[in-house]
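final-v6.cif follows; it contains mmCIF, C-alpha atoms.
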data_input
loop_
_atom_site.label_atom_id
_atom_site.label_comp_id
_atom_site.auth_asym_id
_atom_site.auth_seq_id
_atom_site.Cartn_x
_atom_site.Cartn_y
_atom_site.Cartn_z
CA MET A 1 146.30 -27.73 -17.42
CA VAL A 2 143.59 -29.47 -15.39
CA THR A 3 140.90 -27.33 -16.99
CA GLY A 4 142.26 -28.19 -20.43
CA GLY A 5 142.22 -31.92 -19.61
CA HIS A 6 138.59 -31.74 -18.50
CA THR A 7 137.69 -29.93 -21.72
CA VAL A 8 139.29 -32.63 -23.89
CA SER A 9 137.63 -35.40 -21.88
CA LEU A 10 134.25 -33.71 -22.23
CA ALA A 11 134.71 -33.36 -25.99
CA LEU A 12 135.60 -37.03 -26.34
CA LEU A 13 132.55 -38.08 -24.31
CA LEU A 14 130.27 -35.96 -26.51
CA LEU A 15 131.80 -37.45 -29.67
CA LEU A 16 131.36 -40.99 -28.33
CA ALA A 17 127.73 -40.28 -27.47
CA LEU A 18 127.06 -39.06 -31.03
CA VAL A 19 128.64 -42.17 -32.58
CA VAL A 20 126.61 -44.50 -30.36
CA ALA A 21 123.39 -42.63 -31.09
CA ASP A 22 124.07 -42.80 -34.82
CA ALA A 23 124.72 -46.55 -34.62
CA ILE A 24 121.48 -47.17 -32.74
CA ARG A 25 119.35 -45.03 -35.08
CA PRO A 26 118.86 -47.70 -37.83
CA LEU A 27 117.31 -50.14 -35.34
CA LYS A 28 113.83 -48.69 -35.59
CA GLU A 29 112.04 -52.05 -35.75
CA GLY A 30 113.57 -53.35 -32.54
CA PRO A 31 115.76 -56.39 -31.88
CA MET A 32 115.05 -60.05 -32.61
CA ILE A 33 114.97 -62.50 -29.72
CA ASP A 34 115.84 -66.14 -30.40
CA SER A 35 114.54 -69.20 -28.53
CA GLU A 36 117.36 -68.95 -26.00
CA GLY A 37 116.76 -65.31 -25.20
CA ARG A 38 119.61 -63.88 -27.26
CA GLU A 39 119.10 -60.50 -28.81
CA TYR A 40 119.77 -60.14 -32.54
CA LYS A 41 119.85 -56.63 -33.92
CA SER A 42 120.21 -56.88 -37.74
CA ALA A 43 119.69 -59.09 -40.74
CA MET A 44 122.00 -59.82 -43.63
CA SER A 45 120.95 -61.55 -46.83
CA ARG A 46 123.25 -64.05 -48.44
CA ILE A 47 123.45 -66.05 -51.64
CA ASP A 48 125.85 -68.98 -51.45
CA GLU A 49 127.63 -68.74 -54.81
CA GLU A 50 129.82 -71.80 -54.21
CA ASN A 51 126.81 -74.10 -53.96
CA ILE A 52 124.79 -72.86 -56.92
CA SER A 53 123.59 -75.83 -58.96
CA GLY A 54 123.06 -75.29 -62.67
CA PRO A 55 124.08 -72.33 -64.86
CA GLN A 56 125.64 -69.25 -63.32
CA LEU A 57 123.60 -66.06 -63.27
CA THR A 58 124.84 -62.99 -65.06
CA ASN A 59 127.06 -60.78 -62.93
CA ASP A 60 126.49 -57.56 -64.85
CA ARG A 61 123.45 -56.86 -62.70
CA SER A 62 121.62 -58.40 -59.78
CA THR A 63 119.62 -61.35 -61.15
CA VAL A 64 118.53 -62.67 -57.75
CA HIS A 65 118.67 -60.81 -54.48
CA VAL A 66 117.29 -61.35 -51.01
CA GLN A 67 115.79 -58.93 -48.51
CA CYS A 68 115.55 -60.10 -44.89
CA THR A 69 113.05 -58.70 -42.44
CA GLU A 70 112.46 -59.68 -38.83
CA ALA A 71 109.88 -62.29 -39.84
CA SER A 72 110.31 -63.04 -43.53
CA MET A 73 112.65 -63.71 -46.43
CA ILE A 74 111.86 -61.81 -49.63
CA VAL A 75 113.50 -63.09 -52.82
CA TYR A 76 113.53 -60.85 -55.91
CA ILE A 77 114.19 -62.44 -59.31
CA LYS A 78 114.81 -60.78 -62.66
CA ALA A 79 112.55 -62.15 -65.38
CA ASP A 80 115.52 -62.09 -67.76
CA LEU A 81 117.25 -64.75 -65.68
CA TYR A 82 120.02 -65.48 -68.15
CA GLY A 83 120.64 -61.87 -69.19
CA LYS A 84 119.98 -62.82 -72.82
CA GLY A 85 116.67 -61.07 -73.38
CA ARG A 86 114.70 -64.28 -72.87
CA PHE A 87 112.15 -63.88 -70.08
CA VAL A 88 111.16 -66.87 -67.97
CA SER A 89 107.80 -67.33 -66.23
CA PRO A 90 107.15 -66.75 -62.51
CA GLU A 91 105.51 -70.20 -62.31
CA GLU A 92 108.95 -71.73 -62.93
CA PHE A 93 110.34 -70.45 -59.59
CA PHE A 94 109.62 -71.69 -56.09
CA LEU A 95 111.28 -71.60 -52.69
CA GLY A 96 112.16 -74.87 -51.03
CA GLU A 97 112.11 -78.46 -52.29
CA VAL A 98 109.69 -79.82 -54.87
CA GLU A 99 106.96 -80.57 -52.30
CA HIS A 100 106.65 -76.82 -51.72
CA SER A 101 106.24 -75.92 -55.42
CA GLU A 102 102.45 -76.11 -55.21
CA GLY A 103 102.17 -73.75 -52.25
CA SER A 104 101.19 -70.27 -53.39
CA ARG A 105 103.27 -68.60 -50.68
CA CYS A 106 106.36 -70.46 -51.91
CA GLN A 107 105.87 -69.67 -55.60
CA ALA A 108 107.02 -66.53 -57.37
CA THR A 109 104.53 -63.87 -58.43
CA ALA A 110 105.08 -61.07 -60.91
CA THR A 111 105.54 -57.60 -59.45
CA SER A 112 106.15 -56.21 -62.95
CA ASP A 113 106.94 -57.44 -66.45
CA THR A 114 110.62 -57.63 -65.54
CA GLU A 115 110.73 -58.80 -61.92
CA TYR A 116 109.22 -61.55 -59.77
CA VAL A 117 109.10 -61.95 -56.00
CA ILE A 118 108.65 -64.66 -53.37
CA GLU A 119 107.86 -63.55 -49.83
CA ALA A 120 107.74 -66.27 -47.20
CA GLN A 121 107.91 -66.44 -43.44
CA LEU A 122 111.35 -67.43 -42.20
CA GLN A 123 110.09 -70.81 -41.03
CA ASP A 124 108.05 -71.60 -44.17
CA CYS A 125 108.79 -73.39 -47.48
CA GLY A 126 111.16 -75.90 -45.94
CA SER A 127 113.49 -73.31 -44.43
CA GLU A 128 116.23 -74.65 -42.16
CA LEU A 129 117.31 -72.97 -38.94
CA THR A 130 120.95 -73.07 -37.84
CA MET A 131 122.27 -71.43 -34.67
CA THR A 132 125.82 -70.69 -33.59
CA GLU A 133 127.30 -68.72 -30.71
CA ASP A 134 126.77 -65.39 -32.49
CA VAL A 135 124.50 -66.01 -35.49
CA VAL A 136 121.05 -67.32 -36.32
CA ILE A 137 120.73 -68.48 -39.95
CA TYR A 138 117.56 -69.25 -41.88
CA SER A 139 118.58 -71.01 -45.13
CA ASN A 140 116.59 -72.21 -48.11
CA LYS A 141 116.87 -72.87 -51.85
CA LEU A 142 115.45 -70.94 -54.78
CA ILE A 143 114.51 -73.53 -57.39
CA PHE A 144 114.22 -72.72 -61.10
CA SER A 145 112.43 -75.54 -62.93
CA PRO A 146 111.78 -74.59 -66.58
CA ALA A 147 108.68 -76.03 -68.15
CA ALA A 148 108.94 -78.06 -71.34
CA SER A 149 107.49 -76.60 -74.52
CA TYR A 150 104.57 -78.13 -76.37
CA HIS A 151 107.12 -80.05 -78.47
CA GLY A 152 108.83 -81.53 -75.42
CA ILE A 153 112.08 -79.55 -75.58
CA THR A 154 113.68 -77.10 -73.18
CA ARG A 155 116.34 -74.44 -73.68
CA MET A 156 117.13 -73.76 -70.05
CA ALA A 157 118.64 -75.93 -67.34
CA ASP A 158 117.23 -76.43 -63.87
CA ALA A 159 119.00 -74.25 -61.33
CA VAL A 160 119.22 -74.29 -57.54
CA VAL A 161 120.32 -71.11 -55.78
CA PRO A 162 120.96 -71.31 -52.02
CA VAL A 163 119.64 -68.22 -50.20
CA SER A 164 119.73 -67.33 -46.52
CA CYS A 165 119.12 -64.67 -43.91
CA HIS A 166 121.76 -64.19 -41.19
CA TYR A 167 120.91 -62.50 -37.92
CA LYS A 168 123.91 -61.37 -35.91
CA ARG A 169 123.89 -60.46 -32.25
CA THR A 170 125.90 -57.28 -31.88
CA HIS A 171 127.05 -56.17 -35.32
CA LEU A 172 125.13 -53.61 -37.33
CA VAL A 173 125.06 -55.06 -40.84
CA SER A 174 122.76 -53.54 -43.41
CA SER A 175 120.63 -55.75 -45.63
CA LYS A 176 122.29 -55.79 -49.02
CA THR A 177 121.90 -57.19 -52.50
CA GLN A 178 124.37 -59.80 -53.70
CA GLN A 179 124.82 -60.71 -57.33
CA LEU A 180 124.99 -64.14 -58.82
CA PRO A 181 127.45 -64.70 -61.65
CA LEU A 182 124.82 -67.50 -65.01
CA THR A 183 127.46 -67.89 -67.62
CA LEU A 184 126.26 -69.06 -70.95
CA SER A 185 128.52 -70.14 -73.70
CA THR A 186 128.36 -70.52 -77.38
CA PRO A 187 129.90 -73.45 -79.11
CA THR A 188 131.22 -82.80 -86.88
CA LYS A 189 131.30 -82.85 -90.11
CA PRO A 190 127.89 -83.60 -91.70
CA SER A 191 127.07 -86.69 -93.66
CA THR A 192 125.19 -86.09 -96.90
CA VAL A 193 123.19 -88.10 -99.37
CA ASN A 194 124.06 -85.56 -102.08
CA SER A 195 127.54 -84.12 -101.55
CA ALA A 196 126.55 -80.92 -103.35
CA PHE A 197 124.69 -79.88 -100.18
CA SER A 198 126.38 -79.01 -96.88
CA LEU A 199 125.43 -77.90 -93.38
CA GLU A 200 128.22 -76.29 -91.38
CA LEU A 201 128.65 -74.82 -87.91
CA MET A 202 130.03 -71.30 -88.17
CA THR A 203 131.66 -68.78 -85.83
CA ASP A 204 129.53 -66.04 -84.29
CA ASP A 205 130.66 -63.59 -86.99
CA TRP A 206 130.04 -66.13 -89.78
CA THR A 207 133.60 -65.83 -91.10
CA ARG A 208 134.68 -69.49 -90.85
CA GLU A 209 133.56 -72.99 -90.03
CA ILE A 210 134.11 -74.39 -86.52
CA PHE A 211 134.49 -78.03 -85.56
CA SER A 212 133.58 -77.94 -81.87
CA SER A 213 130.80 -80.32 -80.93
CA VAL A 214 130.18 -79.20 -77.32
CA PHE A 215 127.51 -76.61 -76.54
CA TYR A 216 125.53 -75.43 -73.51
CA LEU A 217 121.94 -74.37 -72.98
CA GLY A 218 121.66 -70.66 -73.67
CA ALA A 219 124.08 -70.81 -76.58
CA VAL A 220 123.21 -70.27 -80.23
CA LEU A 221 124.11 -72.55 -83.13
CA HIS A 222 125.19 -70.65 -86.23
CA LEU A 223 124.31 -72.97 -89.11
CA GLU A 224 125.07 -72.32 -92.77
CA ALA A 225 123.46 -74.47 -95.46
CA SER A 226 124.87 -74.28 -98.98
CA TYR A 227 124.76 -75.81 -102.44
CA THR A 228 128.13 -76.12 -104.19
CA ASP A 229 127.63 -77.98 -107.48
CA PRO A 230 129.05 -76.37 -110.65
CA ASP A 231 125.58 -75.02 -111.51
CA ALA A 232 125.25 -73.29 -108.10
CA ALA A 233 125.39 -69.84 -109.67
CA ALA A 234 122.14 -70.60 -111.48
CA ARG A 235 120.29 -72.03 -108.49
CA GLN A 236 118.74 -70.85 -105.23
CA LEU A 237 118.96 -72.94 -102.07
CA PHE A 238 115.99 -73.70 -99.84
CA ILE A 239 115.58 -75.87 -96.73
CA ASP A 240 112.34 -77.82 -96.82
CA SER A 241 112.63 -79.32 -93.32
CA CYS A 242 115.01 -79.92 -90.41
CA VAL A 243 114.51 -82.37 -87.56
CA ALA A 244 116.51 -82.84 -84.34
CA THR A 245 116.87 -86.35 -82.90
CA LEU A 246 118.96 -88.18 -80.31
CA THR A 247 120.31 -90.65 -82.87
CA PRO A 248 121.33 -90.35 -86.56
CA ASP A 249 117.96 -91.88 -87.51
CA ALA A 250 115.75 -88.95 -88.47
CA THR A 251 112.62 -91.04 -87.83
CA SER A 252 113.57 -91.96 -84.26
CA VAL A 253 111.64 -90.80 -81.20
CA PRO A 254 111.76 -88.30 -79.62
CA ARG A 255 112.23 -85.91 -82.51
CA TYR A 256 111.64 -82.20 -83.00
CA TYR A 257 110.97 -80.56 -86.36
CA PHE A 258 112.15 -76.96 -86.19
CA ILE A 259 111.75 -76.33 -89.94
CA GLU A 260 108.83 -77.85 -91.80
CA ASN A 261 106.15 -77.20 -94.40
CA ASN A 262 108.67 -76.27 -97.12
CA GLY A 263 110.74 -73.67 -95.31
CA CYS A 264 108.63 -72.53 -92.35
CA LEU A 265 110.93 -71.99 -89.34
CA THR A 266 108.37 -73.19 -86.80
CA ASP A 267 110.83 -72.95 -83.90
CA SER A 268 110.71 -69.16 -84.26
CA LYS A 269 107.12 -69.34 -82.97
CA GLU A 270 108.21 -70.90 -79.66
CA GLU A 271 107.87 -68.57 -76.69
CA GLY A 272 111.21 -66.97 -75.88
CA SER A 273 112.86 -68.32 -79.03
CA ASN A 274 115.46 -66.21 -80.84
CA THR A 275 115.79 -68.67 -83.72
CA LEU A 276 115.69 -67.13 -87.18
CA PHE A 277 116.79 -67.28 -90.79
CA ARG A 278 119.29 -64.50 -91.41
CA PRO A 279 118.94 -62.20 -94.44
CA ARG A 280 120.24 -64.11 -97.43
CA ILE A 281 123.83 -63.26 -98.45
CA ARG A 282 123.80 -65.23 -101.69
CA ALA A 283 121.35 -67.37 -103.61
CA ASP A 284 123.07 -70.71 -103.03
CA ALA A 285 123.24 -70.41 -99.21
CA LEU A 286 121.04 -69.87 -96.15
CA GLN A 287 122.16 -68.96 -92.64
CA LEU A 288 120.23 -69.99 -89.55
CA GLU A 289 120.60 -69.04 -85.89
CA LEU A 290 119.18 -71.80 -83.69
CA ASP A 291 118.85 -71.67 -79.90
CA VAL A 292 120.41 -74.73 -78.27
CA PHE A 293 117.94 -77.12 -76.62
CA LEU A 294 117.60 -80.50 -74.95
CA PHE A 295 114.75 -83.00 -74.93
CA HIS A 296 112.86 -82.58 -71.68
CA GLN A 297 113.43 -85.27 -69.03
CA ASP A 298 115.68 -87.31 -71.33
CA LEU A 299 119.18 -87.91 -69.95
CA ARG A 300 120.72 -88.32 -73.42
CA ASN A 301 122.50 -85.19 -74.61
CA THR A 302 123.64 -86.04 -78.15
CA ILE A 303 121.70 -84.15 -80.81
CA PHE A 304 121.65 -84.89 -84.54
CA ILE A 305 120.20 -82.45 -87.06
CA THR A 306 118.90 -83.78 -90.38
CA CYS A 307 117.79 -81.33 -93.07
CA GLN A 308 116.06 -81.83 -96.42
CA MET A 309 117.39 -79.26 -98.89
CA LYS A 310 116.81 -78.37 -102.49
CA ALA A 311 118.33 -76.11 -105.14
CA SER A 312 115.74 -74.44 -107.35
CA SER A 313 116.27 -73.40 -110.96
CA GLU A 314 113.90 -70.46 -110.50
CA MET A 315 116.26 -67.77 -109.22
CA TRP A 316 114.87 -65.23 -106.76
CA LYS A 317 111.34 -66.47 -107.23
CA SER A 318 109.65 -67.31 -103.94
CA SER A 319 106.62 -69.56 -103.79
CA PRO A 320 104.70 -71.52 -101.15
CA ILE A 321 107.19 -74.39 -101.59
CA ASN A 322 110.32 -72.25 -102.18
CA LYS A 323 110.64 -69.95 -99.18
CA ALA A 324 112.49 -69.24 -95.92
CA CYS A 325 109.98 -67.90 -93.41
CA ASN A 326 110.53 -66.46 -89.93
CA HIS A 327 107.75 -65.85 -87.42
CA VAL A 328 108.33 -62.26 -86.27
CA HIS A 329 105.95 -60.04 -84.26
CA SER A 330 103.05 -62.50 -84.64
CA ARG A 331 103.36 -62.76 -88.42
CA TRP A 332 105.32 -64.76 -90.98
CA GLU A 333 108.02 -63.02 -93.03
CA ASN A 334 110.00 -64.39 -95.97
CA VAL A 335 113.72 -63.51 -95.95
CA ASP A 336 113.55 -63.09 -99.74
CA GLY A 337 110.55 -60.75 -99.66
CA ASN A 338 107.00 -61.51 -100.82
CA ASP A 339 105.71 -62.47 -97.36
CA SER A 340 102.43 -63.74 -98.82
CA VAL A 341 104.11 -67.07 -99.69
CA CYS A 342 104.40 -67.70 -95.93
CA GLN A 343 100.66 -67.56 -95.30
CA CYS A 344 100.42 -71.33 -95.61
CA CYS A 345 102.90 -71.88 -92.76
CA ASP A 346 100.03 -72.32 -90.32
CA SER A 347 98.30 -74.85 -92.58
CA THR A 348 99.77 -76.90 -95.45
CA CYS A 349 101.98 -75.58 -98.23
CA HIS A 350 101.71 -77.23 -101.63
CA LYS A 351 102.06 -75.63 -105.03
CA VAL A 352 104.74 -76.99 -107.31
CA SER A 353 105.88 -74.93 -110.27
CA PRO A 354 105.91 -77.12 -113.40
CA LYS A 355 108.92 -75.18 -114.73
CA ASP A 356 111.04 -75.64 -111.61
CA ILE A 357 113.90 -78.12 -111.99
CA LEU A 358 114.94 -79.19 -108.49
CA VAL A 359 118.08 -80.81 -107.13
CA CYS A 360 117.40 -82.36 -103.73
CA GLY A 361 119.62 -83.64 -100.94
CA THR A 362 119.67 -84.69 -97.28
CA VAL A 363 122.32 -83.61 -94.77
CA THR A 364 122.84 -84.86 -91.20
CA LEU A 365 124.98 -82.89 -88.75
CA GLY A 366 126.11 -84.43 -85.48
CA PRO A 367 126.54 -85.59 -82.88
CA LEU A 368 126.38 -82.29 -81.02
CA MET A 369 126.97 -82.69 -77.28
CA ILE A 370 124.57 -80.46 -75.34
CA PHE A 371 125.08 -79.82 -71.61
CA PRO A 372 122.87 -77.87 -69.19
CA SER A 373 125.81 -75.79 -67.96
CA LYS A 374 129.59 -75.66 -67.83
#
Rendering of file as C-alpha cells:
Amino acid sequence: MVTGGHTVSLALLLLLALVVADAIRPLKEGPMIDSEGREYKSAMSRIDEENISGPQLTNDRSTVHVQCTEASMIVYIKADLYGKGRFVSPEEFFLGEVEHSEGSRCQATATSDTEYVIEAQLQDCGSELTMTEDVVIYSNKLIFSPAASYHGITRMADAVVPVSCHYKRTHLVSSKTQQLPLTLSTPTKPSTVNSAFSLELMTDDWTREIFSSVFYLGAVLHLEASYTDPDAAARQLFIDSCVATLTPDATSVPRYYFIENNGCLTDSKEEGSNTLFRPRIRADALQLELDVFLFHQDLRNTIFITCQMKASSEMWKSSPINKACNHVHSRWENVDGNDSVCQCCDSTCHKVSPKDILVCGTVTLGPLMIFPSK
C-alpha cells in the first residue's frame, strides 16, 4: 500500500511539472517590469465597445484589432471600414488626439490595398498609463476623421474607437483580436412646380414609396422620378439637374449639384461613391441610388433635393441633352444605350433637337434628416 501511494504521488508530481512547463513555454520574450518593480508576464489587447463614438463597426469580421507587444501597440484597420465596399484612406486614421495627427508614427500606413496599420510605442501618441494592484493599462484612441470631397460633402461620420493594452501580473492571457460592431442603416412628400412630375423615396426593393425622413451616413436613398400626365405613354423622362441644399431654396449656399449638364450623374465620379442611375424600367420614369451625405463642418442636418426634369416627345432617342449618364470604370455610360451622348459630360452639353416638344418641371424633396450615426 505504501509503495502504491508513492507511485501515485510521483505520477501527480510529474503531471504538475508538465502543466507548469507548458504554461511557462509561451513566455519566450521575458516578463515586463513596471516602475514599481512588479513583474507582468502577458499582454491583452482591448477595444472598449461601450465608449465607441460615432458609427458602429461591422461585426461580421474584425474591422479594427490591436496587437500588444512588450513595447508597442499595433493597431490594424480594414480599409473597408464600414463593410460596404467603400474603402477609406489611411491618411484619415491617427492614434491619439488631433495634435498627434501630423506625427508620422501616429498615422496609419497601408500594409496592403485592404489593410492599414499604426505601430506606436506604448508611451507615444498621447497614450495614458493607468496602474492598479494587478494590471498596467496603456489606453489610447483610434481617430477616424474623413476628409471632405472637392465639393465640400462627406458620406462618413467621424469615429473614435478606444483601444488599450492590458498587462497582467500572473495570468497567462494570449493577445487576441476583438471585433467592433459599425451599423449603418437605410432610411416628405415633394413639392412640385408641375404636378405631372414627382420624386419619391422608395423601399430597397423598389416596390413601394416610403415616407420616412430620417437617414444615416452610409445609407442609400432610393429615388424614383416619374412623369404622370395623360400623355406619359408617349414621352420619355429625363433629369436635367439635381441640387442638394440645407434649405428649400435651391440657390442657397452651401449647395451640391449631383446631377448636372443635362443628365450627367456627376456624383458617380466621386471617389468611393456608389451612386448610379438604375437601368430604366419604363420610359416615363428614372430610378436613382444616391449615397447619403452631409455638408462638411456644417452642423445643420436637413437636406433638400431639388431636381429639374423634362418629358421628351422623342421616345427612346438619346442625345447630348436627353440622357442619363453614369460614370463607371473611368468612362461615361448612358442607361439607354448610345454612350457617345455622354462624351460632353466632362465639358458642356448643348444640342437641342428642333423637333423635340418638351414638358418641363421642378420638384423639391425634403426635408431629409441626416445623422452621422444611430
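When atom CA of A:Leu122 is paired with atom CA of A:Asp80, their separation reads 26.4 Å.
Ranking A:Gln297, A:Ala71, A:Leu246, A:Val161 by their shortest atom-to-atom distance to A:Asp124, with only C-alpha atoms included, puts A:Ala71 first.
Of note, atom CA of A:Ser198 and atom CA of A:Ser226 are spaced 5.4 Å apart.
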Stretch 338-344 of chain A environment, 10 Å, all atoms listed in the file, sequence neighbours closer than 4 positions dropped, as a ChimeraX atom specification:
/A:261-264,317-327,331-334,348-350
Identify the residues within 12 Å of coordinate (113.1, -72.6, -82.7) (same frame as the file), considering all atoms listed in the file, and give the answer as a PyMOL selection string.
chain A and resi 149-151+153-155+220-221+242-244+256-260+264-277+288-294+326-328
Can you pull out the residues contacting A:Ser139? Cut-off 7 Å, using all atoms listed in the file, and skip same-chain residues under 4 positions away; I want them as a PDB file with C-alpha atoms, in the coordinates of the input.
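After the write, around07.pdb holds the following:
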ATOM      1  CA  SER A 127     113.490 -73.310 -44.430  1.00  0.00           C
ATOM      2  CA  GLU A 128     116.230 -74.650 -42.160  1.00  0.00           C
ATOM      3  CA  LEU A 129     117.310 -72.970 -38.940  1.00  0.00           C
ATOM      4  CA  VAL A 163     119.640 -68.220 -50.200  1.00  0.00           C
ATOM      5  CA  SER A 164     119.730 -67.330 -46.520  1.00  0.00           C
ATOM      6  CA  CYS A 165     119.120 -64.670 -43.910  1.00  0.00           C
TER       7      CYS A 165
END
Please rebuild stretch 149-169 of chain A with N, CA and C atoms and give the result as a PDB file, in the frame of the given file.
ATOM      1  N   SER A 149     108.377 -77.181 -73.523  1.00  0.00           N
ATOM      2  CA  SER A 149     107.490 -76.600 -74.520  1.00  0.00           C
ATOM      3  C   SER A 149     106.484 -77.639 -74.990  1.00  0.00           C
ATOM      4  N   TYR A 150     105.575 -77.214 -75.819  1.00  0.00           N
ATOM      5  CA  TYR A 150     104.570 -78.130 -76.370  1.00  0.00           C
ATOM      6  C   TYR A 150     105.233 -79.286 -77.107  1.00  0.00           C
ATOM      7  N   HIS A 151     106.419 -79.027 -77.691  1.00  0.00           N
ATOM      8  CA  HIS A 151     107.120 -80.050 -78.470  1.00  0.00           C
ATOM      9  C   HIS A 151     108.031 -80.914 -77.607  1.00  0.00           C
ATOM     10  N   GLY A 152     108.051 -80.677 -76.302  1.00  0.00           N
ATOM     11  CA  GLY A 152     108.830 -81.530 -75.420  1.00  0.00           C
ATOM     12  C   GLY A 152     110.299 -81.188 -75.340  1.00  0.00           C
ATOM     13  N   ILE A 153     110.682 -79.955 -75.690  1.00  0.00           N
ATOM     14  CA  ILE A 153     112.080 -79.550 -75.580  1.00  0.00           C
ATOM     15  C   ILE A 153     112.199 -78.434 -74.553  1.00  0.00           C
ATOM     16  N   THR A 154     113.415 -78.206 -74.104  1.00  0.00           N
ATOM     17  CA  THR A 154     113.680 -77.100 -73.180  1.00  0.00           C
ATOM     18  C   THR A 154     115.007 -76.468 -73.546  1.00  0.00           C
ATOM     19  N   ARG A 155     115.118 -75.155 -73.340  1.00  0.00           N
ATOM     20  CA  ARG A 155     116.340 -74.440 -73.680  1.00  0.00           C
ATOM     21  C   ARG A 155     117.038 -73.892 -72.441  1.00  0.00           C
ATOM     22  N   MET A 156     116.530 -74.235 -71.276  1.00  0.00           N
ATOM     23  CA  MET A 156     117.130 -73.760 -70.050  1.00  0.00           C
ATOM     24  C   MET A 156     117.305 -74.918 -69.076  1.00  0.00           C
ATOM     25  N   ALA A 157     118.374 -74.878 -68.317  1.00  0.00           N
ATOM     26  CA  ALA A 157     118.640 -75.930 -67.340  1.00  0.00           C
ATOM     27  C   ALA A 157     117.994 -75.595 -66.002  1.00  0.00           C
ATOM     28  N   ASP A 158     117.653 -76.645 -65.247  1.00  0.00           N
ATOM     29  CA  ASP A 158     117.230 -76.430 -63.870  1.00  0.00           C
ATOM     30  C   ASP A 158     118.357 -75.742 -63.098  1.00  0.00           C
ATOM     31  N   ALA A 159     117.995 -74.927 -62.155  1.00  0.00           N
ATOM     32  CA  ALA A 159     119.000 -74.250 -61.330  1.00  0.00           C
ATOM     33  C   ALA A 159     118.542 -74.237 -59.883  1.00  0.00           C
ATOM     34  N   VAL A 160     119.491 -74.366 -58.974  1.00  0.00           N
ATOM     35  CA  VAL A 160     119.220 -74.290 -57.540  1.00  0.00           C
ATOM     36  C   VAL A 160     120.141 -73.234 -56.950  1.00  0.00           C
ATOM     37  N   VAL A 161     119.550 -72.220 -56.341  1.00  0.00           N
ATOM     38  CA  VAL A 161     120.320 -71.110 -55.780  1.00  0.00           C
ATOM     39  C   VAL A 161     120.104 -71.054 -54.271  1.00  0.00           C
ATOM     40  N   PRO A 162     121.107 -71.423 -53.474  1.00  0.00           N
ATOM     41  CA  PRO A 162     120.960 -71.310 -52.020  1.00  0.00           C
ATOM     42  C   PRO A 162     120.816 -69.843 -51.589  1.00  0.00           C
ATOM     43  N   VAL A 163     119.851 -69.569 -50.730  1.00  0.00           N
ATOM     44  CA  VAL A 163     119.640 -68.220 -50.200  1.00  0.00           C
ATOM     45  C   VAL A 163     119.486 -68.327 -48.683  1.00  0.00           C
ATOM     46  N   SER A 164     119.829 -67.264 -47.980  1.00  0.00           N
ATOM     47  CA  SER A 164     119.730 -67.330 -46.520  1.00  0.00           C
ATOM     48  C   SER A 164     119.653 -65.936 -45.923  1.00  0.00           C
ATOM     49  N   CYS A 165     119.140 -65.888 -44.713  1.00  0.00           N
ATOM     50  CA  CYS A 165     119.120 -64.670 -43.910  1.00  0.00           C
ATOM     51  C   CYS A 165     119.934 -64.939 -42.640  1.00  0.00           C
ATOM     52  N   HIS A 166     120.874 -64.042 -42.352  1.00  0.00           N
ATOM     53  CA  HIS A 166     121.760 -64.190 -41.190  1.00  0.00           C
ATOM     54  C   HIS A 166     121.444 -63.077 -40.199  1.00  0.00           C
ATOM     55  N   TYR A 167     121.210 -63.464 -38.968  1.00  0.00           N
ATOM     56  CA  TYR A 167     120.910 -62.500 -37.920  1.00  0.00           C
ATOM     57  C   TYR A 167     122.037 -62.533 -36.888  1.00  0.00           C
ATOM     58  N   LYS A 168     122.757 -61.433 -36.798  1.00  0.00           N
ATOM     59  CA  LYS A 168     123.910 -61.370 -35.910  1.00  0.00           C
ATOM     60  C   LYS A 168     123.549 -60.624 -34.630  1.00  0.00           C
ATOM     61  N   ARG A 169     124.271 -60.960 -33.563  1.00  0.00           N
ATOM     62  CA  ARG A 169     123.890 -60.460 -32.250  1.00  0.00           C
ATOM     63  C   ARG A 169     124.248 -58.995 -32.017  1.00  0.00           C
TER      64      ARG A 169
END
